[in-house]
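Chemist: data.txt is the file, holding compact mmCIF, C-alpha atoms:
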```txt
# COMPACT_ATOMS: atom_id res chain seq x y z
CA MET Y 1 0.00 0.00 0.00
CA ASP Y 2 2.10 2.84 -1.27
CA GLY Y 3 1.68 5.97 -3.31
CA SER Y 4 0.13 9.36 -2.69
CA LEU Y 5 -3.49 10.41 -2.46
CA THR Y 6 -2.81 14.02 -3.31
CA GLU Y 7 -2.53 13.41 -7.04
CA ALA Y 8 -3.83 10.59 -9.21
CA SER Y 9 -1.16 8.72 -11.13
CA ASP Y 10 -0.78 9.19 -14.87
CA GLU Y 11 -2.08 5.67 -15.39
CA GLU Y 12 -5.25 6.43 -13.43
CA LYS Y 13 -5.85 9.69 -15.30
CA ASP Y 14 -5.39 7.97 -18.65
CA GLY Y 15 -7.85 5.22 -17.77
CA GLY Y 16 -5.19 2.53 -17.65
CA SER Y 17 -4.23 0.44 -14.67
CA ALA Y 18 -1.24 -0.47 -12.62
CA ALA Y 19 -2.59 -4.01 -12.81
CA SER Y 20 -1.47 -6.17 -15.68
CA GLY Y 21 -3.92 -7.08 -18.41
CA GLY Y 22 -5.57 -3.65 -18.52
CA PRO Y 23 -6.11 -2.31 -22.04
CA SER Y 24 -5.59 1.15 -23.42
CA ASP Y 25 -8.57 3.41 -24.16
CA ASP Y 26 -9.12 2.11 -27.70
CA GLU Y 27 -9.07 -1.56 -26.78
CA GLY Y 28 -12.23 -3.54 -26.18
CA ASP Y 29 -13.07 -6.90 -24.69
CA ALA Y 30 -12.22 -8.78 -27.90
CA GLU Y 31 -8.71 -7.28 -27.92
CA LEU Y 32 -7.83 -8.22 -24.36
CA GLY Y 33 -4.85 -10.51 -24.02
CA PRO Y 34 -4.35 -13.07 -21.28
CA PRO Y 35 -3.84 -11.64 -17.80
CA GLU Y 36 -0.40 -12.17 -16.30
CA THR Y 37 -1.83 -14.44 -13.60
CA GLN Y 38 -3.46 -17.58 -14.94
CA LEU Y 39 -5.86 -19.41 -12.63
CA PRO Y 40 -7.40 -22.87 -13.13
CA VAL Y 41 -11.07 -22.06 -13.73
CA PRO Y 42 -14.07 -23.85 -15.31
CA ALA Y 43 -14.10 -24.05 -19.11
CA VAL Y 44 -17.09 -21.69 -19.36
CA TYR Y 45 -14.58 -18.85 -18.83
CA ASP Y 46 -12.00 -17.78 -21.40
CA THR Y 47 -8.56 -17.61 -19.78
CA SER Y 48 -6.94 -16.36 -23.00
CA ARG Y 49 -8.52 -12.96 -22.33
CA GLY Y 50 -9.07 -10.91 -19.22
CA TRP Y 51 -7.46 -8.53 -16.80
CA GLN Y 52 -6.35 -8.45 -13.20
CA THR Y 53 -5.72 -6.18 -10.26
CA GLU Y 54 -3.38 -6.48 -7.29
CA SER Y 55 -5.42 -4.22 -5.02
CA GLY Y 56 -6.45 -7.24 -2.96
CA GLU Y 57 -10.09 -6.22 -2.99
CA ALA Y 58 -12.58 -6.00 -5.86
CA LEU Y 59 -16.22 -5.04 -5.32
CA ALA Y 60 -18.73 -6.32 -7.89
CA LEU Y 61 -21.21 -3.76 -9.29
CA PRO Y 62 -23.58 -5.78 -11.50
CA HIS Y 63 -25.97 -3.05 -12.70
CA ALA Y 64 -23.07 -0.80 -13.69
CA ARG Y 65 -21.13 -3.78 -15.12
CA ALA Y 66 -18.13 -2.59 -13.19
CA VAL Y 67 -15.66 -3.43 -10.44
CA ALA Y 68 -14.57 -1.03 -7.71
CA GLU Y 69 -11.30 -1.23 -5.79
CA PRO Y 70 -9.43 0.86 -3.22
CA VAL Y 71 -6.27 2.68 -4.24
CA TRP Y 72 -4.48 2.89 -0.93
CA GLY Y 73 -2.42 5.81 0.24
CA ALA Y 74 0.33 5.76 2.83
CA ASN Y 75 -1.74 3.59 5.19
CA THR Y 76 -5.16 1.97 5.64
CA ALA Y 77 -6.68 5.22 6.89
CA GLU Y 78 -6.67 6.82 3.44
CA ALA Y 79 -7.61 5.68 -0.05
CA ARG Y 80 -9.20 6.63 -3.32
CA LEU Y 81 -11.97 4.55 -4.88
CA ARG Y 82 -11.34 3.43 -8.45
CA VAL Y 83 -14.13 2.07 -10.66
CA ARG Y 84 -13.17 -0.08 -13.64
CA ASP Y 85 -15.16 -1.45 -16.55
CA LEU Y 86 -15.97 -5.13 -16.04
CA ALA Y 87 -15.30 -6.16 -19.65
CA THR Y 88 -12.16 -4.17 -20.42
CA GLY Y 89 -10.56 -3.24 -17.11
CA GLU Y 90 -10.46 0.41 -18.17
CA THR Y 91 -10.66 2.92 -15.35
CA ARG Y 92 -13.94 4.83 -15.57
CA TRP Y 93 -13.09 7.18 -12.72
CA THR Y 94 -11.01 7.57 -9.59
CA SER Y 95 -12.42 9.44 -6.61
CA GLU Y 96 -10.88 12.17 -4.56
CA PRO Y 97 -9.14 10.94 -1.39
CA VAL Y 98 -11.27 9.48 1.39
CA THR Y 99 -9.93 9.38 4.94
CA ALA Y 100 -10.99 7.39 7.97
CA VAL Y 101 -12.47 8.82 11.16
CA SER Y 102 -9.00 9.07 12.66
CA PRO Y 103 -5.43 8.05 11.76
CA ASP Y 104 -5.89 5.08 14.09
CA SER Y 105 -8.97 3.84 12.20
CA ALA Y 106 -8.95 1.75 9.04
CA LEU Y 107 -11.13 2.24 5.98
CA ALA Y 108 -13.25 -0.67 4.82
CA PHE Y 109 -15.25 -1.05 1.60
CA LEU Y 110 -18.43 -2.74 0.48
CA ALA Y 111 -20.75 -2.69 -2.53
CA LEU Y 112 -24.50 -3.13 -2.69
CA SER Y 113 -27.35 -2.94 -5.15
CA TYR Y 114 -30.39 -1.02 -3.95
CA GLU Y 115 -33.55 -0.32 -5.95
CA GLY Y 116 -31.81 -1.15 -9.22
CA ARG Y 117 -28.69 0.93 -8.68
CA ASP Y 118 -25.18 0.08 -7.48
CA TYR Y 119 -23.33 1.81 -4.67
CA ALA Y 120 -19.76 1.53 -3.42
CA VAL Y 121 -19.22 2.51 0.21
CA ALA Y 122 -16.05 3.48 2.04
CA TRP Y 123 -16.54 3.46 5.80
CA SER Y 124 -14.71 3.58 9.09
CA ALA Y 125 -15.52 3.60 12.79
CA GLY Y 126 -13.59 5.16 15.63
CA VAL Y 127 -13.14 8.21 17.84
CA THR Y 128 -12.89 11.69 16.38
CA GLU Y 129 -10.04 13.93 17.37
CA GLY Y 130 -10.57 15.77 20.65
CA ASP Y 131 -8.59 18.45 22.43
CA ALA Y 132 -7.07 18.99 25.86
CA ILE Y 133 -10.51 19.23 27.49
CA GLU Y 134 -13.11 17.70 25.19
CA ARG Y 135 -12.80 14.08 24.28
CA GLY Y 136 -13.56 12.89 20.78
CA ASP Y 137 -16.85 11.27 19.77
CA GLU Y 138 -17.41 7.64 18.87
CA VAL Y 139 -18.82 7.61 15.35
CA THR Y 140 -19.24 5.52 12.21
CA VAL Y 141 -18.68 7.43 8.98
CA LEU Y 142 -19.81 6.43 5.48
CA HIS Y 143 -18.82 7.83 2.08
CA ILE Y 144 -21.43 6.49 -0.37
CA PHE Y 145 -20.62 6.58 -4.11
CA PRO Y 146 -23.42 5.94 -6.64
CA VAL Y 147 -22.02 3.96 -9.56
CA ASP Y 148 -23.43 3.73 -13.08
CA GLU Y 149 -21.83 3.72 -16.53
CA SER Y 150 -20.64 7.32 -16.23
CA THR Y 151 -16.95 8.13 -16.54
CA ASP Y 152 -17.22 11.09 -14.17
CA ALA Y 153 -16.44 10.59 -10.50
CA PRO Y 154 -19.52 11.44 -8.39
CA GLU Y 155 -19.50 13.37 -5.16
CA PRO Y 156 -20.02 10.85 -2.37
CA THR Y 157 -22.86 11.21 0.10
CA TYR Y 158 -21.37 11.69 3.56
CA VAL Y 159 -23.17 10.07 6.50
CA GLU Y 160 -22.14 10.12 10.14
CA VAL Y 161 -23.78 7.83 12.70
CA GLU Y 162 -23.27 8.07 16.43
CA GLY Y 163 -21.40 5.12 17.94
CA GLU Y 164 -18.81 2.66 16.66
CA GLY Y 165 -20.74 0.20 14.51
CA ARG Y 166 -20.23 -2.03 11.54
CA VAL Y 167 -21.48 -1.19 8.04
CA GLU Y 168 -23.14 -4.11 6.25
CA GLU Y 169 -25.54 -5.06 3.48
CA ARG Y 170 -28.64 -6.29 5.38
CA GLY Y 171 -31.34 -6.05 2.72
CA GLY Y 172 -30.11 -2.48 2.33
CA LEU Y 173 -27.31 -0.36 3.75
CA ALA Y 174 -27.15 -0.69 7.53
CA VAL Y 175 -24.93 0.30 10.45
CA THR Y 176 -25.25 -2.49 13.00
CA PHE Y 177 -24.48 -2.49 16.71
CA GLY Y 178 -24.17 -5.51 19.00
CA GLY Y 179 -24.69 -9.15 18.15
CA ASP Y 180 -22.13 -11.82 17.42
CA LEU Y 181 -22.30 -12.53 13.71
CA ASP Y 182 -20.35 -15.76 14.11
CA PHE Y 183 -23.06 -17.09 16.41
CA LEU Y 184 -26.23 -15.23 15.60
CA PRO Y 185 -26.97 -13.31 12.39
CA GLY Y 186 -28.66 -10.37 14.05
CA ALA Y 187 -27.97 -7.02 15.67
CA GLU Y 188 -29.17 -5.44 18.89
CA SER Y 189 -29.79 -2.16 17.08
CA VAL Y 190 -29.50 -0.92 13.51
CA VAL Y 191 -29.36 2.42 11.75
CA ALA Y 192 -30.75 1.92 8.24
CA VAL Y 193 -29.21 4.28 5.68
CA ASP Y 194 -30.79 5.14 2.34
CA PRO Y 195 -27.76 5.04 -0.01
CA ALA Y 196 -29.45 7.34 -2.52
CA THR Y 197 -30.14 10.17 -0.07
CA GLY Y 198 -28.15 9.44 3.08
CA ASP Y 199 -31.36 9.51 5.15
CA ARG Y 200 -31.08 7.51 8.38
CA LEU Y 201 -33.61 5.56 10.43
CA SER Y 202 -32.75 4.15 13.87
CA LEU Y 203 -34.23 0.73 14.59
CA LEU Y 204 -34.48 -0.73 18.10
CA PRO Y 205 -36.14 -4.11 18.75
CA GLU Y 206 -38.03 -2.92 21.81
CA VAL Y 207 -39.99 -0.31 19.85
CA LEU Y 208 -40.73 -2.47 16.81
CA GLU Y 209 -44.15 -4.10 17.01
CA PRO Y 210 -44.76 -7.55 15.51
CA PRO Y 211 -47.75 -8.12 13.24
CA ALA Y 212 -50.98 -8.77 15.16
CA SER Y 213 -51.47 -12.03 13.26
CA CYS Y 214 -48.36 -13.64 14.77
CA ALA Y 215 -49.24 -15.12 18.16
CA ASP Y 216 -45.67 -16.34 18.73
CA CYS Y 217 -43.93 -13.08 17.88
CA GLY Y 218 -44.01 -11.10 21.06
CA PRO Y 219 -44.57 -8.27 21.91
CA VAL Y 220 -40.88 -7.59 21.53
CA SER Y 221 -40.63 -5.98 24.97
CA ASP Y 222 -41.45 -9.38 26.46
CA ALA Y 223 -38.96 -11.14 24.20
CA SER Y 224 -35.70 -9.38 24.99
CA GLU Y 225 -33.72 -11.81 22.86
CA ALA Y 226 -35.28 -10.53 19.65
CA VAL Y 227 -32.69 -9.25 17.20
CA ILE Y 228 -32.85 -7.29 13.97
CA LEU Y 229 -31.91 -9.47 11.03
CA GLY Y 230 -32.04 -6.64 8.50
CA THR Y 231 -34.36 -4.35 6.59
CA THR Y 232 -36.99 -4.94 3.93
CA PRO Y 233 -39.04 -2.53 1.79
CA SER Y 234 -41.93 -3.19 4.21
CA GLY Y 235 -39.95 -2.60 7.39
CA PRO Y 236 -37.34 -4.19 9.67
CA LEU Y 237 -37.00 -7.98 9.71
CA LEU Y 238 -36.74 -9.43 13.21
CA GLY Y 239 -36.29 -12.86 14.75
CA GLU Y 240 -36.53 -14.47 18.16
CA PRO Y 241 -33.69 -16.95 18.51
CA GLY Y 242 -34.45 -20.45 19.68
CA LEU Y 243 -32.17 -23.40 20.24
CA TYR Y 244 -29.20 -24.31 18.03
CA ASP Y 245 -29.02 -20.93 16.29
CA ASP Y 246 -32.60 -21.38 15.05
CA PHE Y 247 -35.46 -18.89 15.26
CA ASP Y 248 -38.82 -19.54 16.86
CA ALA Y 249 -40.43 -16.66 14.96
CA VAL Y 250 -39.43 -14.33 12.15
CA TRP Y 251 -41.45 -11.30 11.14
CA VAL Y 252 -41.51 -7.92 9.43
CA SER Y 253 -42.42 -5.24 11.94
CA GLY Y 254 -45.94 -4.02 11.26
CA GLY Y 255 -46.23 -6.38 8.29
CA TRP Y 256 -46.23 -10.16 8.05
CA SER Y 257 -44.55 -13.14 9.66
CA LEU Y 258 -43.27 -16.43 8.37
CA ALA Y 259 -46.17 -18.01 10.24
CA ASP Y 260 -48.59 -15.97 8.09
CA ILE Y 261 -47.14 -17.16 4.79
CA ALA Y 262 -46.34 -20.78 5.66
CA PRO Y 263 -47.35 -23.19 2.85
CA ASP Y 264 -50.05 -25.77 3.51
CA ASP Y 265 -47.52 -28.55 4.06
CA ALA Y 266 -45.46 -26.48 6.54
CA ASP Y 267 -45.85 -26.09 10.32
CA PRO Y 268 -46.45 -22.35 10.88
CA THR Y 269 -45.62 -22.50 14.60
CA ASP Y 270 -41.88 -22.85 13.97
CA SER Y 271 -39.78 -21.06 11.40
CA THR Y 272 -36.34 -19.75 10.63
CA GLY Y 273 -35.24 -17.18 8.08
CA SER Y 274 -32.18 -15.65 6.50
CA LEU Y 275 -32.08 -12.34 4.65
CA VAL Y 276 -30.25 -12.51 1.33
CA ALA Y 277 -29.13 -9.46 -0.62
CA ASP Y 278 -31.44 -7.59 -2.96
CA GLY Y 279 -34.85 -8.37 -1.54
CA ALA Y 280 -34.95 -12.11 -0.84
CA ILE Y 281 -35.53 -14.12 2.31
CA VAL Y 282 -34.79 -17.83 2.61
CA ALA Y 283 -37.39 -19.34 4.94
CA VAL Y 284 -37.64 -22.78 6.51
CA TRP Y 285 -40.50 -24.57 8.32
CA PRO Y 286 -40.91 -28.13 9.65
CA SER Y 287 -42.89 -30.29 7.25
CA LEU Y 288 -46.37 -31.43 8.32
CA GLU Y 289 -46.09 -34.41 6.00
CA ASP Y 290 -42.76 -35.88 7.13
CA GLU Y 291 -40.93 -35.14 10.39
CA ASN Y 292 -37.65 -35.83 8.61
CA GLN Y 293 -38.26 -33.06 6.05
CA ARG Y 294 -38.18 -29.27 6.06
CA VAL Y 295 -40.08 -26.94 3.74
CA TRP Y 296 -37.75 -24.38 2.16
CA ALA Y 297 -38.88 -21.27 0.31
CA ALA Y 298 -37.46 -18.16 -1.33
CA VAL Y 299 -39.63 -15.24 -0.20
CA ASP Y 300 -39.98 -11.73 -1.64
CA SER Y 301 -39.07 -9.52 1.32
CA ALA Y 302 -41.29 -6.66 0.11
CA THR Y 303 -44.54 -8.64 -0.13
CA GLY Y 304 -44.06 -11.96 1.63
CA GLU Y 305 -44.81 -13.78 -1.63
CA ILE Y 306 -43.23 -17.23 -1.97
CA ARG Y 307 -41.33 -17.26 -5.25
CA ALA Y 308 -39.91 -20.79 -5.12
CA ARG Y 309 -40.12 -23.74 -2.74
CA LEU Y 310 -39.10 -27.34 -2.14
CA GLN Y 311 -38.82 -29.97 0.60
CA CYS Y 312 -35.40 -31.01 1.85
CA PRO Y 313 -34.26 -33.56 4.46
CA VAL Y 314 -33.50 -32.35 7.99
CA GLY Y 315 -29.87 -31.60 8.67
CA HIS Y 316 -29.21 -28.03 7.59
CA THR Y 317 -30.32 -24.74 9.11
CA ALA Y 318 -30.58 -21.29 7.55
CA VAL Y 319 -28.10 -19.57 9.86
CA GLY Y 320 -24.57 -18.49 8.98
CA ALA Y 321 -24.74 -19.91 5.46
CA SER Y 322 -22.99 -19.03 2.24
CA GLU Y 323 -25.67 -17.41 0.11
CA GLY Y 324 -26.30 -15.05 -2.78
CA LEU Y 325 -28.25 -14.16 -5.91
CA SER Y 326 -27.23 -14.36 -9.53
CA SER Y 327 -26.56 -10.90 -10.96
CA ASN Y 328 -29.83 -11.00 -12.96
CA GLY Y 329 -31.81 -11.92 -9.83
CA ARG Y 330 -33.22 -15.18 -11.20
CA TYR Y 331 -31.22 -17.75 -9.23
CA LEU Y 332 -30.54 -17.94 -5.50
CA PHE Y 333 -28.21 -20.24 -3.61
CA HIS Y 334 -28.15 -20.79 0.14
CA GLU Y 335 -25.46 -23.18 1.31
CA ARG Y 336 -26.92 -26.56 0.23
CA VAL Y 337 -30.07 -25.25 -1.47
CA VAL Y 338 -30.53 -23.57 -4.87
CA PHE Y 339 -33.68 -21.91 -6.25
CA ASP Y 340 -34.89 -20.88 -9.70
CA LEU Y 341 -37.09 -17.90 -8.83
CA GLN Y 342 -38.55 -17.70 -12.34
CA GLU Y 343 -39.69 -21.32 -12.45
CA GLY Y 344 -40.55 -21.50 -8.74
CA THR Y 345 -38.43 -24.62 -8.25
CA GLY Y 346 -35.29 -25.64 -6.45
CA ASP Y 347 -32.99 -28.44 -5.42
CA CYS Y 348 -31.06 -29.35 -2.27
CA PHE Y 349 -27.97 -31.40 -1.49
CA PRO Y 350 -27.89 -32.11 2.28
CA GLU Y 351 -26.03 -34.87 4.05
CA THR Y 352 -28.07 -38.08 4.29
CA GLU Y 353 -27.30 -41.74 4.89
CA ASP Y 354 -26.66 -42.10 1.17
CA THR Y 355 -25.31 -38.71 0.05
CA ASN Y 356 -22.57 -36.24 0.94
CA PRO Y 357 -23.52 -32.60 1.48
CA VAL Y 358 -22.76 -29.93 -1.11
CA ARG Y 359 -21.91 -26.35 -0.22
CA PHE Y 360 -22.54 -23.82 -2.98
CA THR Y 361 -20.57 -20.59 -3.17
CA ALA Y 362 -21.54 -18.90 -6.47
CA ILE Y 363 -24.17 -19.01 -9.21
CA THR Y 364 -24.34 -17.58 -12.73
CA ASP Y 365 -27.12 -15.84 -14.65
CA THR Y 366 -27.80 -19.07 -16.55
CA GLY Y 367 -28.16 -21.23 -13.45
CA ARG Y 368 -24.73 -22.79 -13.13
CA ALA Y 369 -24.03 -23.24 -9.43
CA PHE Y 370 -20.46 -23.85 -8.23
CA GLY Y 371 -19.57 -25.56 -4.99
CA THR Y 372 -17.94 -28.53 -3.28
CA ALA Y 373 -19.13 -31.92 -2.10
CA GLU Y 374 -17.91 -32.41 1.45
CA LEU Y 375 -16.45 -35.84 2.22
CA PRO Y 376 -17.01 -36.59 5.92
CA ASP Y 377 -14.09 -39.03 6.20
CA ASP Y 378 -11.65 -36.64 4.54
CA PRO Y 379 -11.90 -33.00 5.70
CA PHE Y 380 -9.28 -31.96 3.11
CA GLY Y 381 -10.75 -33.96 0.25
CA ASP Y 382 -13.74 -31.85 -0.79
CA VAL Y 383 -14.65 -32.40 -4.44
CA PRO Y 384 -15.31 -29.28 -6.59
CA LEU Y 385 -18.43 -29.56 -8.72
CA GLN Y 386 -20.79 -27.63 -10.96
CA LEU Y 387 -24.57 -27.98 -11.05
CA ASP Y 388 -26.61 -26.95 -14.09
CA LEU Y 389 -30.03 -26.04 -12.71
CA ALA Y 390 -31.65 -26.14 -16.15
CA THR Y 391 -30.77 -29.78 -16.74
CA GLY Y 392 -29.94 -31.07 -13.26
CA GLU Y 393 -26.55 -32.23 -14.59
CA VAL Y 394 -23.73 -32.33 -12.04
CA THR Y 395 -20.13 -32.11 -13.25
CA GLU Y 396 -17.48 -33.27 -10.77
CA PHE Y 397 -13.91 -32.01 -11.09
CA LEU Y 398 -12.55 -35.04 -9.30
CA ASP Y 399 -9.33 -35.68 -11.21
CA GLU Y 400 -8.31 -32.16 -12.19
CA GLU Y 401 -4.96 -31.04 -10.83
CA PRO Y 402 -4.78 -28.35 -9.69
CA PRO Y 403 -8.47 -28.28 -8.80
CA PRO Y 404 -10.48 -25.46 -10.37
CA ILE Y 405 -11.02 -22.14 -8.64
CA PHE Y 406 -14.63 -20.97 -8.73
CA PRO Y 407 -15.72 -17.34 -9.12
CA THR Y 408 -16.55 -15.25 -6.10
CA THR Y 409 -19.09 -13.49 -8.32
CA ASP Y 410 -20.40 -13.89 -11.85
CA ILE Y 411 -21.85 -10.92 -13.74
CA ASP Y 412 -23.45 -11.74 -17.07
CA GLY Y 413 -20.92 -14.49 -17.72
CA TYR Y 414 -17.85 -12.57 -16.51
CA GLY Y 415 -16.21 -14.40 -13.63
CA ILE Y 416 -14.43 -12.56 -10.81
CA PHE Y 417 -11.77 -14.82 -9.28
CA THR Y 418 -9.27 -14.49 -6.44
CA ASP Y 419 -6.06 -16.45 -6.12
CA ASP Y 420 -6.69 -17.32 -2.45
CA PRO Y 421 -9.98 -16.85 -0.57
CA ASP Y 422 -8.23 -16.12 2.73
CA TYR Y 423 -5.18 -14.12 1.60
CA VAL Y 424 -6.07 -12.40 -1.66
CA THR Y 425 -3.10 -11.02 -3.56
CA VAL Y 426 -4.65 -10.79 -7.02
CA THR Y 427 -8.14 -10.63 -8.49
CA VAL Y 428 -8.63 -11.84 -12.07
CA ILE Y 429 -11.64 -11.16 -14.31
CA TYR Y 430 -12.23 -13.62 -17.15
CA PRO Y 431 -14.91 -13.16 -19.86
CA PRO Y 432 -17.24 -15.99 -20.88
CA SER Y 433 -15.77 -18.45 -23.33
CA GLU Y 434 -17.20 -18.59 -26.81
CA GLY Y 435 -20.21 -20.86 -26.64
CA GLY Y 436 -19.63 -21.28 -22.89
CA ASP Y 437 -22.83 -19.47 -21.92
CA ALA Y 438 -21.58 -18.92 -18.41
```
So, in terms of structure tokens, how does the structure I just supplied come out?
Modeler:
Amino acid sequence: MDGSLTEASDEEKDGGSAASGGPSDDEGDAELGPPETQLPVPAVYDTSRGWQTESGEALALPHARAVAEPVWGANTAEARLRVRDLATGETRWTSEPVTAVSPDSALAFLALSYEGRDYAVAWSAGVTEGDAIERGDEVTVLHIFPVDESTDAPEPTYVEVEGEGRVEERGGLAVTFGGDLDFLPGAESVVAVDPATGDRLSLLPEVLEPPASCADCGPVSDASEAVILGTTPSGPLLGEPGLYDDFDAVWVSGGWSLADIAPDDADPTDSTGSLVADGAIVAVWPSLEDENQRVWAAVDSATGEIRARLQCPVGHTAVGASEGLSSNGRYLFHERVVFDLQEGTGDCFPETEDTNPVRFTAITDTGRAFGTAELPDDPFGDVPLQLDLATGEVTEFLDEEPPPIFPTTDIDGYGIFTDDPDYVTVTVIYPPSEGGDA
């Protein structure tokens, strides 16, 4: 992390990149050469073309068809935000310098899509500078950049929230306080932030009323364990935790509960839910038809409408899972379950007496889900595989050496890959291969 934030480099001004593989202004996707770093990836991606960045962090912006990355200054308390075209790697714009709350604080970055538009957020939390008498204030500060296909750097919306929180995508942009995300996916309090305007709304469980139709939901004041799972277009999503990281009730304040929308074959008295990005909730109920089954559904968080459903054997909960949507919003994966929201169908791959569990980590716009089959007798022998939702075909990469790396994100067939999920040193973007229909 070197360089200066006072003046953009010549490469940044010219729209090029310090990363290898970036084209000049008159080059397009078809003229890209191979990136310097070559990763073993599925054949649906074309490794003879692409580009890469060594920033260590790349934020996917699907509506803008772009990638954002920090350009660090002298330390982690200062950076510019650079937005690059997904297909070509060209720099669209580089922001003015952004600094953290204090020199002792570190900037962090996230991206989210909200109401059909992408936003990149630089944020930090810490104590503002005081003086000999007055102490500084504990605050969380956000710099919110709207991102579209423009080549002009926008002025970020500046938001300051009292208290040292954590900025997250929770169905929208949220500053969360309290809660242990490794144990329970909820917060004790949340400040919801409208990324388009910067408007803030403080949410506290004790003042959020459950829907009158939900007999098991509260009131919240009598259920002090209730936590805020996130926000929906209809209001905050809350849950009362039960045993084993489960939830006894999940509801939208002033709206509906999972008990209200339970399918006919589901037990409405028990439910669990997980909020996925961009307006989806994954809900689970016990089956009334088979005690060894659970009813799974993908639910529209704005209306409570069930968009897809299936039954799956007991053995997997909806808490702390790997989950996400395809960039076109059609497909949803949640750990061992995948949904086609257009067809209203899904499939699941839990551990049973006869099958090994599969954990999905990414899905494409055409319904290719990538993941690994977990071998219980060999914790280091997970088998990479690819599921085609359209056909149900599973492709195992059992004998490939080295094993393939799967994308962290896929946008319209373009795969975003990292060399190491835990210690990223390079991010590589490969286009779809000809006829690959990724």
Chemist: Would you mind listing, for every residue of segment 317-376 of chain Y within 8 Å of segment 401-410 of chain Y, the two atoms forming the shortest contact and the distance between them in Å to one decimal, using only C-alpha atoms, sorted by chain and ascending residue number, as a Markdown table?
Modeler:
```
| residue | atom | partner | partner_atom | distance |
| --- | --- | --- | --- | --- |
| Y:Ser326 | CA | Y:Asp410 | CA | 7.2 |
| Y:Ser327 | CA | Y:Asp410 | CA | 6.9 |
| Y:Thr361 | CA | Y:Thr408 | CA | 7.3 |
| Y:Ala362 | CA | Y:Thr408 | CA | 6.2 |
| Y:Ile363 | CA | Y:Asp410 | CA | 6.9 |
| Y:Thr364 | CA | Y:Asp410 | CA | 5.5 |
| Y:Asp365 | CA | Y:Asp410 | CA | 7.5 |
| Y:Phe370 | CA | Y:Phe406 | CA | 6.5 |
| Y:Gly371 | CA | Y:Phe406 | CA | 7.7 |
```
Chemist: Which one of Y:Thr88, Y:Thr231, Y:Thr53, Y:Ser433 sits closest to Gly33 of chain Y if you count all atoms listed in the file?
Modeler: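 Of Y:Thr88, Y:Thr231, Y:Thr53, Y:Ser433, the one nearest Gly33 of chain Y, counting all atoms listed in the file, is Y:Thr88.
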Chemist: Name the closest residue to Ser301 of chain Y among the candidates Y:Trp285, Y:Trp51, Y:Tyr158, Y:Trp256; distances are taken between atoms, counting all atoms listed in the file.
Modeler: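 Checking each of Y:Trp285, Y:Trp51, Y:Tyr158, Y:Trp256 against Ser301 of chain Y, counting all atoms listed in the file, the winner is Y:Trp256.
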Chemist: Could you check how far atom CA of Leu173 of chain Y sits from atom CA of Val190 of chain Y, in Å to one decimal?
Modeler: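 Separating atom CA of Leu173 of chain Y from atom CA of Val190 of chain Y is a distance of 10.0 Å.
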Chemist: Name the closest residue to Leu61 of chain Y among the candidates Y:Asp148, Y:Glu36, Y:Asp354, Y:Glu96; distances are taken between atoms, counting all atoms listed in the file.
Modeler: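 Result for the nearest residue to Leu61 of chain Y: Y:Asp148.
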Chemist: Considering all atoms listed in the file, can you say which of Y:Ser257, Y:Ser274, Y:Thr91, Y:Ser105 comes closest to Arg170 of chain Y?
Modeler: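 The answer is Y:Ser274, which sits nearest to Arg170 of chain Y.
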Chemist: Which value, in Å to one decimal, gives the distance between atom CA of Ala74 of chain Y and atom CA of Ala108 of chain Y?
Modeler: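 Atom CA of Ala108 of chain Y lies 15.2 Å from atom CA of Ala74 of chain Y.
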Chemist: At what distance in Å, to one decimal, does atom CA of Asp412 of chain Y lie from atom CA of Phe349 of chain Y?
Modeler: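 Here the two named atoms are 25.5 Å from each other.
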Chemist: Find the residues around Glu374 of chain Y up to 8 Å (only C-alpha atoms counted), leave out those fewer than 3 positions away in its own chain, and share them as a ChimeraX atom specification.
Modeler: /Y:356-359,379,381-383
